[in-house]
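Here is the structure we will look at, set down as structure tokens.
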Amino acid sequence: MRVVLASERTQVQNLLVDVVEEEPGAVVVGQAENATKVLALVKNLRPDIAIIDSNLPYSVGMDRVALSRMSGLDIAQTICQTLPSTRVIIINNLDTQLSPEAGLGRDSQAFFSRERIAGNTAFKLQELYREVAISETPVFANVEVEAWPARKQENKQATNDAIVVGTVSIAGGLYLIGTLWLAPYGALLLLFGVVRLVFGLLRKLTVRLWRR
Amino acid sequence: MNTKQVLKECSVFSALSDSELDRIASLAVEKQYEAGTTIFEEGDSAQEFFVLQEGKVALQMTFSERQGQLGRRITVDVVNKNEIVGWSAIVEPYTYTLTAVCLQKVNALSIDGSKFRRLLRDNHHIGYEVLKETIKVVASRLDDTRQVLISERLLPVKL
């Protein structure tokens, strides 16, 4: 699944890249900072999905004119109208809910959600691509950033601790073995370190696979 | 939040008394729209006057296809919470001059256009205050549109 992104701010583009590339099979093939450029990219690259910040300048951002950043919706409609094989997602909350410095931090995760009268629903690009057939109207969505739950953070910390303790124990064990007269204790410490390290790495791998 | 409180927070109705707000509130119903919904289109008969309680609405002008240029819509303003949409419902010829598209989930008070016009005609104080404030909104939107025209000339889009 090939994706083109458009936002005036580099930080927002980076955040969107993180969210898109969390999904298996999704790859960002182009990034644009204004509506003119994203239209050219979509025309040339024919991506499966274009994700567009609603707060987008038409050509070059004119900092003194706030209203010059209203082209996101216009260009999303133009793409839907002229290149209907590209699904267009317009993101509305990037100017208000995310600070200019926002990014996908170590303790947070971001995801797409659709605002509905009944309530917001999270969605994956794959699901959207399957659900929405060739569309003449853009899909309106938000990007939500949420902190990892405390338990997940504790697990992450425990995993990192296991890796550090394992590595230090292996180093200590090897040193003791080197002294020869403390070699039996060194072997035990080495064994302990290997077990801790393997445990930590397996846990990290499991979490990564589970997140996918 | 009750209807009267919503009206009070909107600049168009801020100078009205409680009893006057009650009369307007009796004409209003609450409506909800999902993001992406078109509330009304340019050229439609203006039957409703909206006060936004929540969400954002883009106001778009349609450029018809001409001289090889693609027909498309251009956003000329974005309306936020506590602002009005659809002033055409109280200004002749009662035809919407722009298209209103919800950028986010929108909660709005919808005031029946013909009943509202009758109220403005029959009660001169309400009529004066509402029209005075509405003219400010119209002037501000005109200024916004000018800024957009100045900042971004319409560039040709050829595909």
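Ligands are numbered from 1 in the order shown, chains are lettered A, B, ... in the order of the structure tokens, and residues start at 1 in each chain.
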
8 Å contacts from chain B to chain A using only C-alpha atoms, as a ChimeraX atom specification: /B:32-36,72-78,103-105,144,147-148,151-152,159

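Close contacts of Ala26 in chain A, defined as residues with an atom at most 7 Å away when counting only C-alpha atoms, with chain neighbours fewer than 4 positions off set aside, comprise Met1, Arg2, Val20 and Glu21 of chain A.
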
Residues of the last selection are to be written out with N, CA and C atoms, as a tab-separated table (two decimals), in the first residue's frame.
chain	number	residue	atom	x	y	z
A	1	MET	N	0.84	-1.18	0.00
A	1	MET	CA	0.00	0.00	0.00
A	1	MET	C	0.89	1.26	0.00
A	2	ARG	N	0.79	2.05	-1.06
A	2	ARG	CA	1.67	3.21	-1.20
A	2	ARG	C	0.92	4.47	-0.76
A	20	VAL	N	1.76	5.77	9.71
A	20	VAL	CA	1.56	4.95	8.51
A	20	VAL	C	2.44	3.71	8.55
A	21	GLU	N	3.72	3.90	8.90
A	21	GLU	CA	4.66	2.78	8.80
A	21	GLU	C	4.56	1.81	9.96

Backbone-only DSSP, strand (DSSP E or B) members of range 132-204 of chain A, as a ChimeraX atom specification: /A:139-147

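Straight-line separation from CA of Leu120 in chain B to CA of Thr37 in chain B: 29.5 Å.
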
Filtered DSSP result for range 30-87 of chain A, state helix (DSSP H, G or I), as a PyMOL selection string: chain A and resi 35-45+66-68+71-82

Between CA of Arg121 in chain B and CA of Lys31 in chain B, distance in Å (one decimal): 25.5 Å

Among the residues A:Ala183, A:Thr167, A:Phe111, A:Asp48, the one that comes closest to Val195 in chain A [using only C-alpha atoms]: A:Thr167

All residues 7 Å or closer to range 122-126 of chain B, only C-alpha atoms, same chain fewer than 4 positions away omitted, as a list in words: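 With the cut-off at 7 Å, the set is Leu16, Arg118 and Val130 of chain B.
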
Give me a file of those residues, with N, CA, C and O atoms, as a PDB file, in the first residue's frame.
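For reference, out.pdb as written:
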ATOM      1  N   LEU B  16     -28.931  40.875  23.228  1.00  0.00           N
ATOM      2  CA  LEU B  16     -30.369  40.657  23.465  1.00  0.00           C
ATOM      3  C   LEU B  16     -30.650  40.289  24.920  1.00  0.00           C
ATOM      4  O   LEU B  16     -29.807  39.698  25.605  1.00  0.00           O
ATOM      5  N   ARG B 118     -39.648  36.536  10.276  1.00  0.00           N
ATOM      6  CA  ARG B 118     -40.889  37.123  10.788  1.00  0.00           C
ATOM      7  C   ARG B 118     -40.625  37.773  12.147  1.00  0.00           C
ATOM      8  O   ARG B 118     -41.076  38.875  12.428  1.00  0.00           O
ATOM      9  N   VAL B 130     -29.753  41.972  15.740  1.00  0.00           N
ATOM     10  CA  VAL B 130     -29.293  40.789  14.986  1.00  0.00           C
ATOM     11  C   VAL B 130     -28.711  41.218  13.636  1.00  0.00           C
ATOM     12  O   VAL B 130     -27.621  40.771  13.257  1.00  0.00           O
TER      13      VAL B 130
END

Contacts of Leu98 in chain B within 12 Å, only C-alpha atoms, excl. fewer than 5 positions in-chain, as a PyMOL selection string: chain B and resi 38-46+57-63+73-78+85-88+141+145

Nearest candidate to Lys8 in chain B (options B:Glu20, B:Glu92, B:Glu65, B:Asp143; using only C-alpha atoms):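 Nearest to Lys8 in chain B: B:Glu20.
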